[in-house]
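Content type PDB, C-alpha atoms, pLDDT in the B column, from the file coords_10.pdb:
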```pdb
ATOM      1  CA  LEU A1349      18.524 -20.988  32.320  1.00 93.00           C
ATOM      2  CA  GLN A1350      16.340 -22.853  29.868  1.00 96.00           C
ATOM      3  CA  ALA A1351      17.045 -20.296  27.143  1.00 95.00           C
ATOM      4  CA  MET A1352      20.770 -20.381  27.893  1.00 95.00           C
ATOM      5  CA  ALA A1353      20.801 -24.185  27.760  1.00 97.00           C
ATOM      6  CA  ARG A1354      18.922 -24.174  24.434  1.00 97.00           C
ATOM      7  CA  ARG A1355      21.277 -21.637  22.921  1.00 96.00           C
ATOM      8  CA  LEU A1356      24.347 -23.478  24.163  1.00 97.00           C
ATOM      9  CA  VAL A1357      23.133 -26.775  22.683  1.00 97.00           C
ATOM     10  CA  GLN A1358      22.457 -25.060  19.349  1.00 97.00           C
ATOM     11  CA  SER A1359      25.866 -23.387  19.379  1.00 97.00           C
ATOM     12  CA  CYS A1360      27.669 -26.645  20.147  1.00 97.00           C
ATOM     13  CA  GLU A1361      25.771 -28.394  17.356  1.00 97.00           C
ATOM     14  CA  ARG A1362      26.498 -25.587  14.885  1.00 97.00           C
ATOM     15  CA  HIS A1363      30.224 -25.595  15.700  1.00 97.00           C
ATOM     16  CA  GLY A1364      30.611 -29.369  16.012  1.00 97.00           C
ATOM     17  CA  THR A1365      31.639 -29.102  19.656  1.00 96.00           C
ATOM     18  CA  PRO A1366      30.619 -31.903  22.006  1.00 96.00           C
ATOM     19  CA  LEU A1367      28.219 -30.567  24.619  1.00 96.00           C
ATOM     20  CA  THR A1368      30.220 -32.377  27.282  1.00 95.00           C
ATOM     21  CA  GLN A1369      32.956 -29.768  26.737  1.00 96.00           C
ATOM     22  CA  ALA A1370      30.557 -27.069  27.964  1.00 96.00           C
ATOM     23  CA  THR A1371      30.543 -28.019  31.644  1.00 95.00           C
ATOM     24  CA  LYS A1372      31.937 -24.594  32.618  1.00 93.00           C
ATOM     25  CA  ALA A1373      29.949 -22.553  30.086  1.00 95.00           C
ATOM     26  CA  ILE A1374      27.216 -21.636  32.586  1.00 95.00           C
ATOM     27  CA  GLN A1375      27.567 -20.882  36.277  1.00 93.00           C
ATOM     28  CA  ALA A1376      24.248 -20.426  38.054  1.00 95.00           C
ATOM     29  CA  PHE A1377      23.946 -19.903  41.794  1.00 94.00           C
ATOM     30  CA  GLU A1378      20.947 -20.508  44.018  1.00 95.00           C
ATOM     31  CA  ILE A1379      21.220 -20.238  47.769  1.00 94.00           C
ATOM     32  CA  ASP A1380      18.068 -22.301  48.412  1.00 95.00           C
ATOM     33  CA  PRO A1381      18.762 -26.036  47.863  1.00 97.00           C
ATOM     34  CA  LYS A1382      15.128 -26.819  46.975  1.00 98.00           C
ATOM     35  CA  ALA A1383      15.013 -24.048  44.364  1.00 97.00           C
ATOM     36  CA  ALA A1384      18.340 -25.292  42.966  1.00 97.00           C
ATOM     37  CA  ASP A1385      16.927 -28.836  42.678  1.00 98.00           C
ATOM     38  CA  ARG A1386      13.906 -27.462  40.783  1.00 98.00           C
ATOM     39  CA  ALA A1387      16.197 -25.524  38.447  1.00 97.00           C
ATOM     40  CA  ILE A1388      18.308 -28.628  37.830  1.00 98.00           C
ATOM     41  CA  ALA A1389      15.178 -30.621  36.989  1.00 98.00           C
ATOM     42  CA  VAL A1390      13.951 -27.944  34.576  1.00 98.00           C
ATOM     43  CA  VAL A1391      17.305 -27.700  32.810  1.00 98.00           C
ATOM     44  CA  CYS A1392      17.550 -31.513  32.592  1.00 97.00           C
ATOM     45  CA  ALA A1393      14.093 -31.690  31.028  1.00 97.00           C
ATOM     46  CA  THR A1394      15.032 -28.919  28.587  1.00 97.00           C
ATOM     47  CA  LEU A1395      18.187 -30.752  27.533  1.00 98.00           C
ATOM     48  CA  VAL A1396      16.383 -34.078  27.140  1.00 97.00           C
ATOM     49  CA  ALA A1397      13.768 -32.324  24.979  1.00 97.00           C
ATOM     50  CA  LEU A1398      16.695 -31.218  22.798  1.00 97.00           C
ATOM     51  CA  ARG A1399      17.754 -34.866  22.377  1.00 96.00           C
ATOM     52  CA  VAL A1400      20.624 -34.684  24.855  1.00 97.00           C
ATOM     53  CA  PRO A1401      21.024 -38.058  26.585  1.00 96.00           C
ATOM     54  CA  SER A1402      19.541 -37.996  30.073  1.00 96.00           C
ATOM     55  CA  ALA A1403      22.833 -38.854  31.800  1.00 96.00           C
ATOM     56  CA  VAL A1404      24.635 -36.020  29.986  1.00 96.00           C
ATOM     57  CA  GLY A1405      21.786 -33.599  30.738  1.00 96.00           C
ATOM     58  CA  THR A1406      21.915 -34.464  34.425  1.00 96.00           C
ATOM     59  CA  LEU A1407      25.694 -34.087  34.518  1.00 96.00           C
ATOM     60  CA  LEU A1408      25.573 -30.700  32.803  1.00 97.00           C
ATOM     61  CA  ALA A1409      22.692 -29.345  34.893  1.00 98.00           C
ATOM     62  CA  ARG A1410      24.488 -30.317  38.102  1.00 97.00           C
ATOM     63  CA  GLU A1411      27.701 -28.698  36.862  1.00 97.00           C
ATOM     64  CA  TRP A1412      25.953 -25.510  35.792  1.00 97.00           C
ATOM     65  CA  ILE A1413      23.670 -24.990  38.802  1.00 97.00           C
ATOM     66  CA  ARG A1414      25.277 -24.715  42.186  1.00 94.00           C
ATOM     67  CA  VAL A1415      23.852 -24.364  45.646  1.00 96.00           C
ATOM     68  CA  GLY A1416      25.757 -21.467  47.105  1.00 94.00           C
ATOM     69  CA  ASP A1417      26.060 -17.817  47.979  1.00 93.00           C
ATOM     70  CA  PHE A1418      26.857 -15.892  44.786  1.00 94.00           C
ATOM     71  CA  LEU A1419      28.470 -13.056  46.727  1.00 93.00           C
ATOM     72  CA  GLU A1420      30.875 -15.337  48.574  1.00 90.00           C
ATOM     73  CA  SER A1421      31.649 -17.339  45.443  1.00 89.00           C
ATOM     74  CA  SER A1422      32.137 -14.272  43.252  1.00 88.00           C
ATOM     75  CA  LEU A1423      35.296 -13.376  45.110  1.00 82.00           C
ATOM     76  CA  CYS A1424      37.113 -16.120  43.163  1.00 83.00           C
ATOM     77  CA  PHE A1425      35.225 -16.337  39.859  1.00 81.00           C
ATOM     78  CA  PRO A1426      36.832 -16.314  36.463  1.00 79.00           C
ATOM     79  CA  ILE A1427      35.789 -13.355  34.348  1.00 88.00           C
ATOM     80  CA  ALA A1428      32.634 -13.646  32.249  1.00 91.00           C
ATOM     81  CA  ASP A1429      31.127 -12.342  29.041  1.00 93.00           C
ATOM     82  CA  PHE A1430      27.667 -12.050  30.600  1.00 93.00           C
ATOM     83  CA  VAL A1431      26.295 -11.899  34.128  1.00 94.00           C
ATOM     84  CA  ILE A1432      22.526 -12.199  34.248  1.00 94.00           C
ATOM     85  CA  GLY A1433      20.430 -12.261  37.374  1.00 92.00           C
ATOM     86  CA  ASN A1434      17.635 -11.261  39.652  1.00 93.00           C
ATOM     87  CA  PRO A1435      19.401 -10.467  42.920  1.00 93.00           C
ATOM     88  CA  PRO A1436      17.480 -10.642  46.177  1.00 91.00           C
ATOM     89  CA  TYR A1437      16.164  -7.540  47.884  1.00 87.00           C
ATOM     90  CA  ILE A1438      17.251  -8.048  51.478  1.00 89.00           C
ATOM     91  CA  ARG A1439      18.332  -5.365  53.920  1.00 86.00           C
ATOM     92  CA  LEU A1440      21.635  -6.098  55.656  1.00 85.00           C
ATOM     93  CA  GLU A1441      19.842  -5.810  58.996  1.00 87.00           C
ATOM     94  CA  GLU A1442      17.796  -8.893  58.076  1.00 91.00           C
ATOM     95  CA  ILE A1443      20.735 -11.289  57.671  1.00 91.00           C
ATOM     96  CA  PRO A1444      23.126 -12.663  60.303  1.00 92.00           C
ATOM     97  CA  SER A1445      25.595 -10.023  61.470  1.00 92.00           C
ATOM     98  CA  SER A1446      28.653 -12.126  60.545  1.00 93.00           C
ATOM     99  CA  LYS A1447      27.386 -12.496  56.961  1.00 92.00           C
ATOM    100  CA  ALA A1448      26.546  -8.774  56.777  1.00 92.00           C
ATOM    101  CA  ALA A1449      30.049  -7.912  58.019  1.00 93.00           C
ATOM    102  CA  MET A1450      31.603 -10.162  55.350  1.00 93.00           C
ATOM    103  CA  TYR A1451      29.546  -8.478  52.629  1.00 93.00           C
ATOM    104  CA  ARG A1452      30.466  -4.997  53.871  1.00 92.00           C
ATOM    105  CA  SER A1453      34.176  -5.845  54.054  1.00 94.00           C
ATOM    106  CA  SER A1454      34.222  -7.527  50.635  1.00 94.00           C
ATOM    107  CA  PHE A1455      32.111  -5.043  48.665  1.00 95.00           C
ATOM    108  CA  SER A1456      32.991  -1.360  48.876  1.00 95.00           C
ATOM    109  CA  THR A1457      29.570  -0.368  47.527  1.00 95.00           C
ATOM    110  CA  MET A1458      27.787  -1.741  50.606  1.00 93.00           C
ATOM    111  CA  ARG A1459      27.245   1.447  52.571  1.00 88.00           C
ATOM    112  CA  GLY A1460      24.553   2.675  54.877  1.00 86.00           C
ATOM    113  CA  ARG A1461      21.267   0.779  54.886  1.00 85.00           C
ATOM    114  CA  ALA A1462      21.828  -0.836  51.510  1.00 86.00           C
ATOM    115  CA  ASP A1463      20.049  -3.924  50.258  1.00 90.00           C
ATOM    116  CA  ILE A1464      22.411  -6.743  49.360  1.00 93.00           C
ATOM    117  CA  TYR A1465      21.507  -6.366  45.687  1.00 94.00           C
ATOM    118  CA  ILE A1466      24.014  -3.494  45.722  1.00 95.00           C
ATOM    119  CA  ALA A1467      26.805  -6.013  46.369  1.00 95.00           C
ATOM    120  CA  PHE A1468      25.408  -8.227  43.592  1.00 95.00           C
ATOM    121  CA  TYR A1469      25.912  -5.381  41.131  1.00 95.00           C
ATOM    122  CA  GLN A1470      29.505  -4.837  42.220  1.00 95.00           C
ATOM    123  CA  ALA A1471      30.271  -8.571  42.163  1.00 95.00           C
ATOM    124  CA  ALA A1472      28.729  -8.929  38.705  1.00 95.00           C
ATOM    125  CA  LEU A1473      30.540  -5.944  37.228  1.00 95.00           C
ATOM    126  CA  GLU A1474      33.881  -7.079  38.625  1.00 94.00           C
ATOM    127  CA  GLN A1475      33.440 -10.422  36.853  1.00 92.00           C
ATOM    128  CA  LEU A1476      32.962  -8.982  33.377  1.00 92.00           C
ATOM    129  CA  LYS A1477      35.498  -9.129  30.589  1.00 91.00           C
ATOM    130  CA  PRO A1478      35.980  -5.881  28.623  1.00 89.00           C
ATOM    131  CA  ASN A1479      32.748  -5.193  26.735  1.00 90.00           C
ATOM    132  CA  GLY A1480      30.937  -7.746  28.923  1.00 93.00           C
ATOM    133  CA  VAL A1481      27.285  -7.278  29.800  1.00 94.00           C
ATOM    134  CA  CYS A1482      25.486  -7.340  33.124  1.00 95.00           C
ATOM    135  CA  ALA A1483      21.704  -7.641  32.920  1.00 95.00           C
ATOM    136  CA  PHE A1484      19.725  -7.547  36.159  1.00 94.00           C
ATOM    137  CA  ILE A1485      16.083  -7.412  37.037  1.00 92.00           C
ATOM    138  CA  CYS A1486      16.365  -5.074  39.956  1.00 90.00           C
ATOM    139  CA  ALA A1487      14.905  -2.152  41.834  1.00 86.00           C
ATOM    140  CA  ASP A1488      16.106   1.262  40.672  1.00 88.00           C
ATOM    141  CA  ARG A1489      16.412   2.786  44.147  1.00 88.00           C
ATOM    142  CA  TRP A1490      20.206   2.575  43.975  1.00 91.00           C
ATOM    143  CA  MET A1491      20.094   5.290  41.287  1.00 91.00           C
ATOM    144  CA  LEU A1492      18.248   7.681  43.575  1.00 90.00           C
ATOM    145  CA  ASN A1493      18.910   6.916  47.249  1.00 90.00           C
ATOM    146  CA  ASP A1494      21.913   7.744  49.398  1.00 92.00           C
ATOM    147  CA  TYR A1495      22.806   4.077  49.924  1.00 90.00           C
ATOM    148  CA  GLY A1496      23.321   3.747  46.163  1.00 93.00           C
ATOM    149  CA  SER A1497      25.874   6.553  45.947  1.00 95.00           C
ATOM    150  CA  ALA A1498      28.861   4.201  46.318  1.00 95.00           C
ATOM    151  CA  LEU A1499      27.515   1.959  43.547  1.00 95.00           C
ATOM    152  CA  ARG A1500      26.930   4.946  41.276  1.00 95.00           C
ATOM    153  CA  GLU A1501      30.508   6.081  41.923  1.00 95.00           C
ATOM    154  CA  PHE A1502      31.803   2.530  41.349  1.00 96.00           C
ATOM    155  CA  ILE A1503      30.040   2.380  37.976  1.00 95.00           C
ATOM    156  CA  THR A1504      31.183   5.767  36.716  1.00 94.00           C
ATOM    157  CA  SER A1505      34.759   5.608  38.017  1.00 94.00           C
ATOM    158  CA  GLY A1506      35.234   1.957  37.000  1.00 90.00           C
ATOM    159  CA  GLY A1507      34.607   2.602  33.329  1.00 88.00           C
ATOM    160  CA  TYR A1508      31.216   0.894  33.319  1.00 91.00           C
ATOM    161  CA  SER A1509      28.117   2.358  31.753  1.00 88.00           C
ATOM    162  CA  VAL A1510      24.386   1.855  31.969  1.00 90.00           C
ATOM    163  CA  CYS A1511      23.058   1.179  28.476  1.00 91.00           C
ATOM    164  CA  HIS A1512      19.400   0.392  29.062  1.00 91.00           C
ATOM    165  CA  ILE A1513      16.896   0.857  31.848  1.00 90.00           C
ATOM    166  CA  VAL A1514      13.415  -0.559  31.613  1.00 90.00           C
ATOM    167  CA  GLU A1515      11.092   0.973  34.165  1.00 86.00           C
ATOM    168  CA  ALA A1516       8.133  -1.098  35.262  1.00 84.00           C
ATOM    169  CA  HIS A1517       6.782   1.126  38.030  1.00 81.00           C
ATOM    170  CA  GLU A1518       3.249   1.238  36.711  1.00 82.00           C
ATOM    171  CA  VAL A1519       3.052  -2.372  35.538  1.00 78.00           C
TER
END
```
Show this structure as structure tokens.
Amino acid sequence: LQAMARRLVQSCERHGTPLTQATKAIQAFEIDPKAADRAIAVVCATLVALRVPSAVGTLLAREWIRVGDFLESSLCFPIADFVIGNPPYIRLEEIPSSKAAMYRSSFSTMRGRADIYIAFYQAALEQLKPNGVCAFICADRWMLNDYGSALREFITSGGYSVCHIVEAHEV
């Protein structure tokens, strides 16, 4: 988020666009309110360091960073040029059954004993504009295990492609 905020400030300056017009330029989701507050504070400090007035920095950080469930919210997102994330690795069996049922009914790739990061991939890909980019830090088990078969099919039949994989197994 800090890098995105820096780049957005630079872009607005370069193009003569008031930063206050960029309230919808970033949409970040954090389900944990305390983690969201920390992220807001970090982004505010980053903006202030870039000479953005404190009040504007606070306004923007609060607009950009939301406390919420990305998977629930993604069902009504506008499309995006980039979706970047580090989805959680949580088995469906470890979350409330009503939430698990909602995820399964909303995301066709959620099959078998899948982790919810599978749904994050589908949600992210469905939000992309043509030629958009999804970049996730994520386990690669979906490429190998049975529970990833629906996601693999979704990617190949939906016209998506995997451009880069960085393996960090031995790191």
Looking at A:Asp1380, A:Asp1488, A:Asp1463, A:Glu1441, which one is nearest to Ile1513 of chain A, with distances taken over only C-alpha atoms?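 With only C-alpha atoms as the atom set, the closest residue is A:Asp1488.
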Please provide the set of residues having any atom within 9 Å of segment 1503-1508 of chain A, restricted to all atoms listed in the file, with same-chain residues fewer than 5 positions apart removed, written as a PyMOL selection string. chain A and resi 1470+1473+1498
Mind listing whatever residues come within 12 Å of the point (27.9, -9.6, 49.8)? Use only C-alpha atoms, file coordinates, and give them as a PyMOL selection string. chain A and resi 1417-1423+1435-1436+1438-1440+1443-1459+1462-1472
May I ask for the distance between atom CA of Val1390 of chain A and atom CA of Ala1483 of chain A, given in Å to one decimal place?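 Separating atom CA of Val1390 of chain A from atom CA of Ala1483 of chain A is a distance of 21.8 Å.
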Which one is closest to Lys1372 of chain A: A:Arg1410, A:Arg1489, A:His1517, A:Arg1500? Count all atoms listed in the file. A:Arg1410
Go ahead and compute the interatomic distance for atom CA of Val1396 of chain A and atom CA of Val1357 of chain A, in Å to one decimal. 10.9 Å
Can you pull out the residues contacting Ala1376 of chain A? Cut-off 9 Å, using all atoms listed in the file, and skip same-chain residues under 2 positions away; I want them as a ChimeraX atom specification. /A:1349,1374,1378,1412-1415,1418
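Run against this file, the PyMOL selection byres ((chain A and resi 1495) around 7) gives back Arg1459, Gly1460, Arg1461, Ala1462, Trp1490, Asn1493, Asp1494, Gly1496 and Ser1497 of chain A.
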Polymer residues at most 9 Å from Ala1370 of chain A, all atoms listed in the file, same-chain spacing of 6 or more positions, as a short mmCIF file (atom, residue, chain, number, x, y, z; two decimals) with C-alpha atoms, in the frame of the given file:
```
data_model
loop_
_atom_site.label_atom_id
_atom_site.label_comp_id
_atom_site.auth_asym_id
_atom_site.auth_seq_id
_atom_site.Cartn_x
_atom_site.Cartn_y
_atom_site.Cartn_z
CA LEU A 1356 24.35 -23.48 24.16
CA CYS A 1360 27.67 -26.64 20.15
CA LEU A 1408 25.57 -30.70 32.80
#
```
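Atom pair atom CA of Val1404 of chain A / atom CA of Gly1416 of chain A: separated by 22.5 Å.
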Determine, counting only C-alpha atoms, which protein, DNA and RNA residues have an atom within 10 Å of an atom of Leu1407 of chain A; residues of the same chain fewer than 3 positions away are not included. Present the result as a PyMOL selection string. chain A and resi 1368+1371+1388+1392+1402-1404+1410-1412
Produce a file of the selected residues containing C-alpha atoms, as a PDB file, in the frame of the given file.
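So the final result, stored in part05.pdb, reads:
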```pdb
ATOM      1  CA  THR A1368      30.220 -32.377  27.282  1.00 95.00           C
ATOM      2  CA  THR A1371      30.543 -28.019  31.644  1.00 95.00           C
ATOM      3  CA  ILE A1388      18.308 -28.628  37.830  1.00 98.00           C
ATOM      4  CA  CYS A1392      17.550 -31.513  32.592  1.00 97.00           C
ATOM      5  CA  SER A1402      19.541 -37.996  30.073  1.00 96.00           C
ATOM      6  CA  ALA A1403      22.833 -38.854  31.800  1.00 96.00           C
ATOM      7  CA  VAL A1404      24.635 -36.020  29.986  1.00 96.00           C
ATOM      8  CA  ARG A1410      24.488 -30.317  38.102  1.00 97.00           C
ATOM      9  CA  GLU A1411      27.701 -28.698  36.862  1.00 97.00           C
ATOM     10  CA  TRP A1412      25.953 -25.510  35.792  1.00 97.00           C
TER      11      TRP A1412
END
```
For the provided coordinates, the residues matched by the PyMOL selection byres ((chain A and resi 1433) around 7) should be stated as a PDB file with C-alpha atoms, keeping the file's coordinate frame.
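Result file follows (expr.pdb):
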```pdb
ATOM      1  CA  VAL A1431      26.295 -11.899  34.128  1.00 94.00           C
ATOM      2  CA  ILE A1432      22.526 -12.199  34.248  1.00 94.00           C
ATOM      3  CA  ASN A1434      17.635 -11.261  39.652  1.00 93.00           C
ATOM      4  CA  PRO A1435      19.401 -10.467  42.920  1.00 93.00           C
ATOM      5  CA  ALA A1483      21.704  -7.641  32.920  1.00 95.00           C
ATOM      6  CA  PHE A1484      19.725  -7.547  36.159  1.00 94.00           C
ATOM      7  CA  ILE A1485      16.083  -7.412  37.037  1.00 92.00           C
TER       8      ILE A1485
END
```
Counting all atoms listed in the file, which residues have an atom no more than 10 Å from (13.7, -23.0, 27.6) in the file's coordinates? Please list them as a list in words.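 Protein, DNA and RNA residues close to (13.7, -23.0, 27.6): Leu1349, Gln1350, Ala1351, Met1352, Ala1353, Arg1354, Arg1355, Val1390, Val1391, Ala1393, Thr1394, Leu1395, Ala1397 and Leu1398 of chain A.
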Please produce a file of those selected residues containing C-alpha atoms, as a compact mmCIF listing (two decimals), in the coordinates of the input.
```txt
# COMPACT_ATOMS: atom_id res chain seq x y z
CA LEU A 1349 18.52 -20.99 32.32
CA GLN A 1350 16.34 -22.85 29.87
CA ALA A 1351 17.05 -20.30 27.14
CA MET A 1352 20.77 -20.38 27.89
CA ALA A 1353 20.80 -24.18 27.76
CA ARG A 1354 18.92 -24.17 24.43
CA ARG A 1355 21.28 -21.64 22.92
CA VAL A 1390 13.95 -27.94 34.58
CA VAL A 1391 17.30 -27.70 32.81
CA ALA A 1393 14.09 -31.69 31.03
CA THR A 1394 15.03 -28.92 28.59
CA LEU A 1395 18.19 -30.75 27.53
CA ALA A 1397 13.77 -32.32 24.98
CA LEU A 1398 16.70 -31.22 22.80
```
Convert the output of the PyMOL selection byres ((chain A and resi 1429) around 8) on the shown file into explicit residues, formatted as an NGL selection string. :A and (1427-1428 or 1430-1431 or 1476-1477 or 1479-1481)
Around all of segment 1364-1382 of chain A's listed atoms, make the axis-aligned box with 6 Å on each side and tell me centre and edge lengths in Å to one decimal, as lines of an AutoDock Vina configuration file.
```
center_x = 24.0
center_y = -26.1
center_z = 32.2
size_x = 29.8
size_y = 24.5
size_z = 44.4
```
Considering all atoms listed in the file, state which residue in the set A:Thr1406, A:Glu1442, A:Arg1386, A:Gln1375 is at the smallest distance from Phe1425 of chain A.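 Ranking A:Thr1406, A:Glu1442, A:Arg1386, A:Gln1375 by distance to Phe1425 of chain A, first place goes to A:Gln1375.
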